[in-house]
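Enquirer: Got a structure for you, written out below as structure tokens; questions coming shortly.
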Amino acid sequence: MSILRKEGPWMELRLWRTLVILILLVSGTLLITLMIYLTERSMRNDLLGRAKLVASSIKFDQLKNLSGSVTDLNSDDYLLLKQQFANAKEACTNCRFIYLMGRRSDGQVFFFADNEPQGSADESPAGQLYEEISPEYLKVFEGSQSKTVGPISDRWGEWISALVPMATPEQTGNEPIAVLGMDIDSQVWYLDIAKKIALPLGIIILAGLFGFTLALLKTCRNLRSRHAEIADNELFLQTLTEGLPDYIFVLDNRGQIQMANKVHPDHLKQDVIHRKVTDFIPARYQEVFEHHLSESNASKAPQTMEVIAELPDGEHHFLTRLTPTTLPGLESAIVMVATDITERKLAESERDELISEITERMKELRCLYRVNQALSSKQSIEDILSKVTRLVPPAFLYPENCYCQILFDGVRYQNQPFEESRSKLSADIIVKSELKGMIEIYYLEEYPKQDEGPFSHEERSLVDNIAKNLSEMIEHQVAEELLQSKTQALLESQSKLMQSEKLACIGVLAAGIAHEINNPLSFVKSNLSTVNNYHQRLLNLIEFCYQHQNESKLTSLLKHKLREMELEDLPFILEDITPLTEETLKGVERIQEIINGLRCFSRADQQQSEQFSLNQLIESSIQMVWNEIKYHCQLHKELGPLPLLSGNPGRISQVLVNLLINASQAIEESGTIWIRSRAEEERIILEIEDSGHGMSEEIQKQLFTPFFTTKPAGKGTGLGLSISHGIIEEHGGNIDVKSTLGVGTTFTITFPLLKQDSNSERLS
């Protein structure tokens with residue numbers, strides 16, 4: 001197959017020559033433009049320099065003596081200025097006019113003087129107005145900046161002008177007193193530019209022609225060698241295209257095959273050439289192919305389409321690209337490249353089936369995940385079953401016509417009301433080997449048969465898993481309800497045991513507390529009786545004095561009354577009444593301390609947390625058990641400064657009372673109890689030590705076990721230390737015991753020091 005266009009080397013030579021000429025023309029034009037620009041800029045700078053030189057030769061005294069009117073025509077300064085301008089013009093041969101202009105207050109520009117002889121036609125005498133002055137001239141008056149302008153036309157011709165503003169050193173304004181102008185005729189100006197660039201321009205043109213000639217000769221040599229390479233490449237390309245897996249055809253505008261790189265093995269190439277492509281396409285696809293072929297011819301744009309061709313071994317799918325082109329002998333040709341994609345189409349079909357299968361399995365997994373989420377929620381069984389009926393249908397192959405219902409304990413749950421049909425999939429819900437209900441899936445319309453009617457094996461597995469998870473969830477919920485019931489019963493029993501222990505403790509303390517209250521109450525009552533007697537006797541004396549306050553013999557009457565009332569010891573009464581009152585107040589305070597301790601002890605059942613002083617709690621607990629201690633024990637306190645604790649002071653008080661009673665009971669005849677408190681780093685330490693009979697290691701191991709006691713029957717419940725251990729752990733602390741038989745026992749309680757307590761006030 002040959003699809004290369006054969007063209008002689010001179011065709012390519014013409015293309016190269018045209019390209020080189022265009023490049024030379026463009027580059028030459030740019031170079032000439034640059035040279036003209038640079039030359040003109042140099043000439044403008046030179047002209048401006050000459051004008052500045054002339055301006056520097058003019059003395060400002062001359063300008064001050066000129067008025068810019070006809071009165072200056074005969075003045076010496078005017079004639080001297082014209083002579084200077086005439087001399088400057090002779091020095092600048094291409095210069096046409098040199099003149100000095102000024103501007104009046106009304107904005108009109110006039111001439112001071114010029115280089116032309118007096119009386120000549122081109123002279124601009126003093127005071128003559130420059131009526132056709134251009135805006136660029138006026139900008140020099142306003143900006144006081146030298147510049148070259150032009151070309152500018154006026155009645156004298158077209159000029160390139162250099163303008164130099166002149167101002168005295170002491171002048172403060174921006175506007176100059178005069179502007180010097182130097183004009184060159186524009187034609188002379190451009191002729192000078194042409195003269196200056198003629199030589200370098202000629203050299204550049206000659207160099208360009210020489211380079212073009214050399215390039216042309218080299219191109220001719222290259223083209224001859226390339227023509228031979230093209231012939232070899234055409235042969236190589238023909239061999240290569242015939243070895244490609246694609247079919248390449250050259251069609252004319254009617255769709256007939258003119259060239260082909262290869263044909264089907266069961267066809268001969270001569271049987272294919274000059275036949276229409278549509279001869280190999282089934283009739284149902286021919287119209288589509290012809291439409292794309294005409295579109296490609298009309299738009300001259302490539303068209304891509306899939307084509308099915310009938311070949312001897314069956315139908316093949318081809319991905320076809322139609323590309324319009326021009327070839328020798330075929331001004332309107334189309335290159336058709338056809339890639340056999342039959343195997344790819346089969347792979348895509350298998351892929352689509354696999355994706356569909358994965359999508360269905362993903363729906364089932366998503367459904368199972370959401371069902372498990374619903375089952376693990378804290379909702380009631382009724383709400384969970386209703387939610388499951390809504391979650392299941394989207395996981396099936398035909399969700400728009402899928403309905404779900406769950407029967408459980410005689411109650412029916414449905415995602416929406418419907419009538420049952422024959423297309424059903426069901427699974428039993430079994431709780432503890434007992435049938436409690438079932439889950440059922442219905443299709444209300446007929447669908448193609450799969451593994452189980454319209455249902456697949458995977459859908460059967462999904463329903464079985466959901467039924468199994470429902471069974472496990474219901475079993476778990478029943479077990480959880482039973483566990484909660486038993487836990488609540490245990491909590492109630494624990495509360496009763498704690499209350500029993502507290503009552504037992506109160507029973508032990510009751511007699512002692514009553515005795516502790518009775519002692520101060522007795523002397524308070526006695527003191528109040530004495531004070532009441534004193535009060536009555538003194539009140540009678542005060543009443544007698546009040547009745548006889550106006551009598552002259554009041555003193556003798558008062559003495560007689562004192563003897564009559566047996567009040568000769570009045571000084572003793574007055575001295576004794578104050579100590580009686582103070583002792584009474586101390587007795588009341590003692591009773592109040594005992595009552596406060598009881599009140600704190602009674603608040604152990606309250607759950608709220610508060611800040612309290614451990615040392616003050618120790619003091620109140622001692623007051624409660626003091627009657628149990630004081631007769632046979634010596635109590636030593638070493639209470640260091642502590643920060644406030646946060647917790648339940650009633651429960652901590654219960655622990656302290658229990659430990660103090662145990663310490664007292666461990667001492668049979670006489671002994672000592674030490675109570676120590678201190679703060680170390682991030683903790684508070686409390687120690688209660690006694691010199692009692694001590695305990696063995698076996699007893700220490702069981703000491704905090706509920707119902708374990710070493711006391712005789714009826715003397716203890718065996719819950720005191722167990723409850724105390726639990727209270728300390730509730731407060732984030734711990735309790736340890738060290739004991740030696742015959743020496744004594746030490747209980748050590750450690751509380752964590754909370755951050756919010758670190759800056760609290762320390763109480764001693």
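Naming scheme: A, B, ... for chains in displayed order of the structure tokens; residues 1 onward per chain; ligands 1 onward as shown.
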Could you give me, as a list in words, the residues within 10 Å of Thr320 in chain A, counting only C-alpha atoms and dropping anything in the same chain fewer than 4 positions from it?
Expert: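 The residues that qualify are Asp246, Tyr247, Ile248, Phe289, Gln303, Thr304, Met305, Glu306, Val307, Ile308, Met336, Val337, Ala338, Thr339, Asp340 and Ile341 of chain A.
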Enquirer: Between CA of Arg683 in chain A and CA of Thr745 in chain A, what distance in Å does the model show, to one decimal?
Expert: 22.2 Å
Enquirer: Report as a list of chain:residue names all protein, DNA and RNA residues lying within 8 Å of range 110-115 of chain A, evaluated on only C-alpha atoms, omitting residues in the same chain fewer than 4 positions from it.
Expert: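 The contact residues come out as A:Leu66, A:Ser67, A:Gly68, A:Ser69, A:Tyr78, A:Leu81, A:Lys82, A:Gln83, A:Gln84, A:Phe85, A:Ala86, A:Lys89, A:Phe97, A:Ile98, A:Tyr99, A:Leu100, A:Met101, A:Gly102, A:Arg103, A:Arg104, A:Glu123, A:Ser124, A:Pro125, A:Ala126, A:Gly127, A:Gln128, A:Leu129, A:Tyr130.
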Enquirer: Write a file of the just-selected residues containing N, CA and C atoms, as a PDB file, in the first residue's frame.
Expert:
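This is the output file out.pdb:
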```pdb
ATOM      1  N   LEU A  66      14.549  93.631  26.374  1.00  0.00           N
ATOM      2  CA  LEU A  66      13.638  93.506  25.240  1.00  0.00           C
ATOM      3  C   LEU A  66      12.209  93.433  25.744  1.00  0.00           C
ATOM      4  N   SER A  67      11.323  94.110  25.022  1.00  0.00           N
ATOM      5  CA  SER A  67       9.912  94.140  25.422  1.00  0.00           C
ATOM      6  C   SER A  67       9.058  93.234  24.558  1.00  0.00           C
ATOM      7  N   GLY A  68       9.583  92.732  23.449  1.00  0.00           N
ATOM      8  CA  GLY A  68       8.814  91.872  22.562  1.00  0.00           C
ATOM      9  C   GLY A  68       7.814  92.673  21.735  1.00  0.00           C
ATOM     10  N   SER A  69       8.167  93.891  21.344  1.00  0.00           N
ATOM     11  CA  SER A  69       7.282  94.733  20.523  1.00  0.00           C
ATOM     12  C   SER A  69       8.126  95.432  19.464  1.00  0.00           C
ATOM     13  N   TYR A  78      18.506  93.917  20.469  1.00  0.00           N
ATOM     14  CA  TYR A  78      17.768  93.177  19.446  1.00  0.00           C
ATOM     15  C   TYR A  78      18.665  92.854  18.266  1.00  0.00           C
ATOM     16  N   LEU A  81      21.187  90.216  19.138  1.00  0.00           N
ATOM     17  CA  LEU A  81      20.571  88.895  19.214  1.00  0.00           C
ATOM     18  C   LEU A  81      20.370  88.306  17.826  1.00  0.00           C
ATOM     19  N   LYS A  82      19.943  89.146  16.846  1.00  0.00           N
ATOM     20  CA  LYS A  82      19.763  88.651  15.481  1.00  0.00           C
ATOM     21  C   LYS A  82      21.096  88.228  14.875  1.00  0.00           C
ATOM     22  N   GLN A  83      22.143  88.987  15.212  1.00  0.00           N
ATOM     23  CA  GLN A  83      23.448  88.640  14.679  1.00  0.00           C
ATOM     24  C   GLN A  83      23.931  87.302  15.247  1.00  0.00           C
ATOM     25  N   GLN A  84      23.671  87.092  16.567  1.00  0.00           N
ATOM     26  CA  GLN A  84      24.046  85.803  17.172  1.00  0.00           C
ATOM     27  C   GLN A  84      23.324  84.636  16.481  1.00  0.00           C
ATOM     28  N   PHE A  85      22.032  84.838  16.200  1.00  0.00           N
ATOM     29  CA  PHE A  85      21.266  83.780  15.544  1.00  0.00           C
ATOM     30  C   PHE A  85      21.768  83.525  14.135  1.00  0.00           C
ATOM     31  N   ALA A  86      22.168  84.622  13.402  1.00  0.00           N
ATOM     32  CA  ALA A  86      22.683  84.465  12.037  1.00  0.00           C
ATOM     33  C   ALA A  86      23.997  83.688  12.053  1.00  0.00           C
ATOM     34  N   LYS A  89      23.324  80.035  12.625  1.00  0.00           N
ATOM     35  CA  LYS A  89      22.780  79.363  11.439  1.00  0.00           C
ATOM     36  C   LYS A  89      23.888  79.018  10.452  1.00  0.00           C
ATOM     37  N   PHE A  97      15.812  77.869  10.573  1.00  0.00           N
ATOM     38  CA  PHE A  97      15.425  79.003  11.408  1.00  0.00           C
ATOM     39  C   PHE A  97      15.947  78.813  12.829  1.00  0.00           C
ATOM     40  N   ILE A  98      16.405  79.962  13.409  1.00  0.00           N
ATOM     41  CA  ILE A  98      16.729  80.030  14.837  1.00  0.00           C
ATOM     42  C   ILE A  98      15.992  81.251  15.371  1.00  0.00           C
ATOM     43  N   TYR A  99      15.215  81.097  16.435  1.00  0.00           N
ATOM     44  CA  TYR A  99      14.350  82.190  16.889  1.00  0.00           C
ATOM     45  C   TYR A  99      14.145  82.058  18.387  1.00  0.00           C
ATOM     46  N   LEU A 100      13.680  83.201  18.941  1.00  0.00           N
ATOM     47  CA  LEU A 100      13.413  83.266  20.378  1.00  0.00           C
ATOM     48  C   LEU A 100      11.966  83.713  20.554  1.00  0.00           C
ATOM     49  N   MET A 101      11.161  82.930  21.350  1.00  0.00           N
ATOM     50  CA  MET A 101       9.745  83.214  21.542  1.00  0.00           C
ATOM     51  C   MET A 101       9.474  83.529  23.006  1.00  0.00           C
ATOM     52  N   GLY A 102       8.436  84.305  23.193  1.00  0.00           N
ATOM     53  CA  GLY A 102       7.952  84.587  24.549  1.00  0.00           C
ATOM     54  C   GLY A 102       6.440  84.425  24.600  1.00  0.00           C
ATOM     55  N   ARG A 103       5.870  84.448  25.795  1.00  0.00           N
ATOM     56  CA  ARG A 103       4.420  84.301  25.933  1.00  0.00           C
ATOM     57  C   ARG A 103       3.902  85.370  26.881  1.00  0.00           C
ATOM     58  N   ARG A 104       2.817  86.049  26.390  1.00  0.00           N
ATOM     59  CA  ARG A 104       2.212  87.111  27.184  1.00  0.00           C
ATOM     60  C   ARG A 104       1.279  86.533  28.237  1.00  0.00           C
ATOM     61  N   GLU A 123      11.207  86.782   7.587  1.00  0.00           N
ATOM     62  CA  GLU A 123      11.562  87.307   8.909  1.00  0.00           C
ATOM     63  C   GLU A 123      10.320  87.334   9.814  1.00  0.00           C
ATOM     64  N   SER A 124      10.562  87.070  11.092  1.00  0.00           N
ATOM     65  CA  SER A 124       9.533  87.219  12.129  1.00  0.00           C
ATOM     66  C   SER A 124       9.991  88.335  13.044  1.00  0.00           C
ATOM     67  N   PRO A 125       9.569  89.598  12.769  1.00  0.00           N
ATOM     68  CA  PRO A 125      10.071  90.746  13.535  1.00  0.00           C
ATOM     69  C   PRO A 125       9.588  90.672  14.984  1.00  0.00           C
ATOM     70  N   ALA A 126      10.188  91.501  15.810  1.00  0.00           N
ATOM     71  CA  ALA A 126       9.848  91.559  17.241  1.00  0.00           C
ATOM     72  C   ALA A 126       8.382  91.913  17.414  1.00  0.00           C
ATOM     73  N   GLY A 127       7.679  91.150  18.299  1.00  0.00           N
ATOM     74  CA  GLY A 127       6.273  91.407  18.595  1.00  0.00           C
ATOM     75  C   GLY A 127       5.318  90.656  17.708  1.00  0.00           C
ATOM     76  N   GLN A 128       5.805  90.015  16.618  1.00  0.00           N
ATOM     77  CA  GLN A 128       4.898  89.275  15.742  1.00  0.00           C
ATOM     78  C   GLN A 128       4.350  88.050  16.478  1.00  0.00           C
ATOM     79  N   LEU A 129       3.031  87.841  16.376  1.00  0.00           N
ATOM     80  CA  LEU A 129       2.369  86.718  17.050  1.00  0.00           C
ATOM     81  C   LEU A 129       2.565  85.438  16.245  1.00  0.00           C
ATOM     82  N   TYR A 130       2.753  84.324  17.006  1.00  0.00           N
ATOM     83  CA  TYR A 130       2.865  82.981  16.394  1.00  0.00           C
ATOM     84  C   TYR A 130       1.498  82.329  16.564  1.00  0.00           C
TER      85      TYR A 130
END
```
Enquirer: Can you tell me which residues surround Gln256 in chain A at a distance of at most 8 Å, considering only C-alpha atoms, apart from same-chain residues fewer than 4 positions away, and format the answer as a list in words?
Expert: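 Here the answer would be Leu251, Asp252, Ile273, His274, Arg275, Lys276 and Val277 of chain A.
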Enquirer: So the first atom is CA of His317 in chain A and the second is CA of Asp279 in chain A; what is the distance between them in Å, to one decimal place?
Expert: 15.4 Å
Enquirer: Would you compute the distance between CA of Asp183 in chain A and CA of Thr33 in chain A? Give it in Å to one decimal.
Expert: 24.1 Å
Enquirer: Which residues are close to Lys738 in chain A, i.e. within 12 Å by only C-alpha atoms, leaving aside same-chain residues fewer than 3 positions away? Reply as a CSV table (one decimal) with C-alpha atoms, in the first residue's frame.
Expert:
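Contents of the output file selection.csv:
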```
chain,number,residue,atom,x,y,z
A,687,GLU,CA,-2.6,7.2,109.8
A,688,ILE,CA,-4.5,5.6,112.7
A,689,GLU,CA,-2.3,3.5,115.0
A,690,ASP,CA,-3.2,1.6,118.1
A,694,GLY,CA,-2.5,-6.9,116.6
A,695,MET,CA,-3.3,-9.4,113.9
A,696,SER,CA,-1.7,-12.3,112.2
A,697,GLU,CA,-0.9,-12.3,108.4
A,699,ILE,CA,-6.3,-12.4,109.3
A,700,GLN,CA,-4.7,-9.3,107.5
A,701,LYS,CA,-5.3,-11.1,104.1
A,703,LEU,CA,-9.5,-8.2,106.6
A,735,ILE,CA,-6.3,1.9,102.5
A,741,LEU,CA,0.7,-9.6,117.1
A,743,VAL,CA,2.4,-4.9,119.2
A,744,GLY,CA,-0.4,-3.1,117.5
A,745,THR,CA,-2.0,-2.2,114.2
A,746,THR,CA,-1.6,0.8,111.8
A,747,PHE,CA,-4.2,1.7,109.1
A,748,THR,CA,-2.8,4.1,106.4
A,749,ILE,CA,-5.3,6.0,104.2
```
Enquirer: Could you pull the residues within 12 Å of Arg460 in chain A, counting only C-alpha atoms, minus those fewer than 6 positions along the same chain, as a VMD selection string?
Expert: chain A and resid 364 395 to 396 424 to 427 439 to 441 450 to 454 466 to 467
Enquirer: Quick one: write out the picked residues with C-alpha atoms as a PDB file, in the first residue's frame?
Expert:
```pdb
ATOM      1  CA  GLU A 364     -26.100  -6.552  50.790  1.00  0.00           C
ATOM      2  CA  ALA A 395     -30.349  -4.631  49.248  1.00  0.00           C
ATOM      3  CA  PHE A 396     -32.302  -6.804  46.785  1.00  0.00           C
ATOM      4  CA  LYS A 424     -41.338 -15.230  49.011  1.00  0.00           C
ATOM      5  CA  LEU A 425     -38.038 -15.685  50.843  1.00  0.00           C
ATOM      6  CA  SER A 426     -38.178 -16.320  54.618  1.00  0.00           C
ATOM      7  CA  ALA A 427     -36.012 -17.234  57.630  1.00  0.00           C
ATOM      8  CA  ILE A 439     -38.542 -12.463  58.519  1.00  0.00           C
ATOM      9  CA  GLU A 440     -40.157 -12.593  55.054  1.00  0.00           C
ATOM     10  CA  ILE A 441     -39.245 -10.941  51.728  1.00  0.00           C
ATOM     11  CA  GLN A 450     -32.607 -17.349  39.652  1.00  0.00           C
ATOM     12  CA  ASP A 451     -31.432 -19.743  42.404  1.00  0.00           C
ATOM     13  CA  GLU A 452     -34.630 -19.643  44.519  1.00  0.00           C
ATOM     14  CA  GLY A 453     -37.349 -18.302  42.297  1.00  0.00           C
ATOM     15  CA  PRO A 454     -36.460 -14.652  41.630  1.00  0.00           C
ATOM     16  CA  ILE A 466     -30.332 -10.933  59.443  1.00  0.00           C
ATOM     17  CA  ALA A 467     -32.587 -13.523  61.117  1.00  0.00           C
TER      18      ALA A 467
END
```
Enquirer: Just the residues within 10 Å of Ser296 in chain A, please, counting only C-alpha atoms, with nothing from its chain fewer than 4 positions along; format it as a compact mmCIF listing (two decimals) with C-alpha atoms, in the first residue's frame.
Expert:
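The result, stored in out-v8.txt:
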```txt
# COMPACT_ATOMS: atom_id res chain seq x y z
CA ASN A 253 -15.82 9.84 -1.35
CA GLU A 290 -22.81 5.96 5.64
CA HIS A 291 -23.98 8.85 7.83
CA HIS A 292 -20.55 9.13 9.49
CA LYS A 300 -13.41 17.57 6.68
CA ALA A 301 -13.06 16.52 10.32
CA PRO A 302 -12.22 13.07 11.69
CA GLN A 303 -15.10 10.84 12.77
CA THR A 304 -14.84 7.95 15.25
CA ARG A 321 -11.60 6.37 12.67
CA LEU A 322 -12.37 8.18 9.41
CA THR A 323 -9.84 10.91 8.53
CA PRO A 324 -10.36 13.08 5.39
CA ILE A 334 -10.68 9.17 3.49
```
Enquirer: Restricting the calculation to only C-alpha atoms: of A:Asp192, A:Asp409, A:Glu353, A:Glu400, which residue gets closest to Glu382 in chain A?
Expert: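 The closest residue to Glu382 in chain A is A:Asp409.
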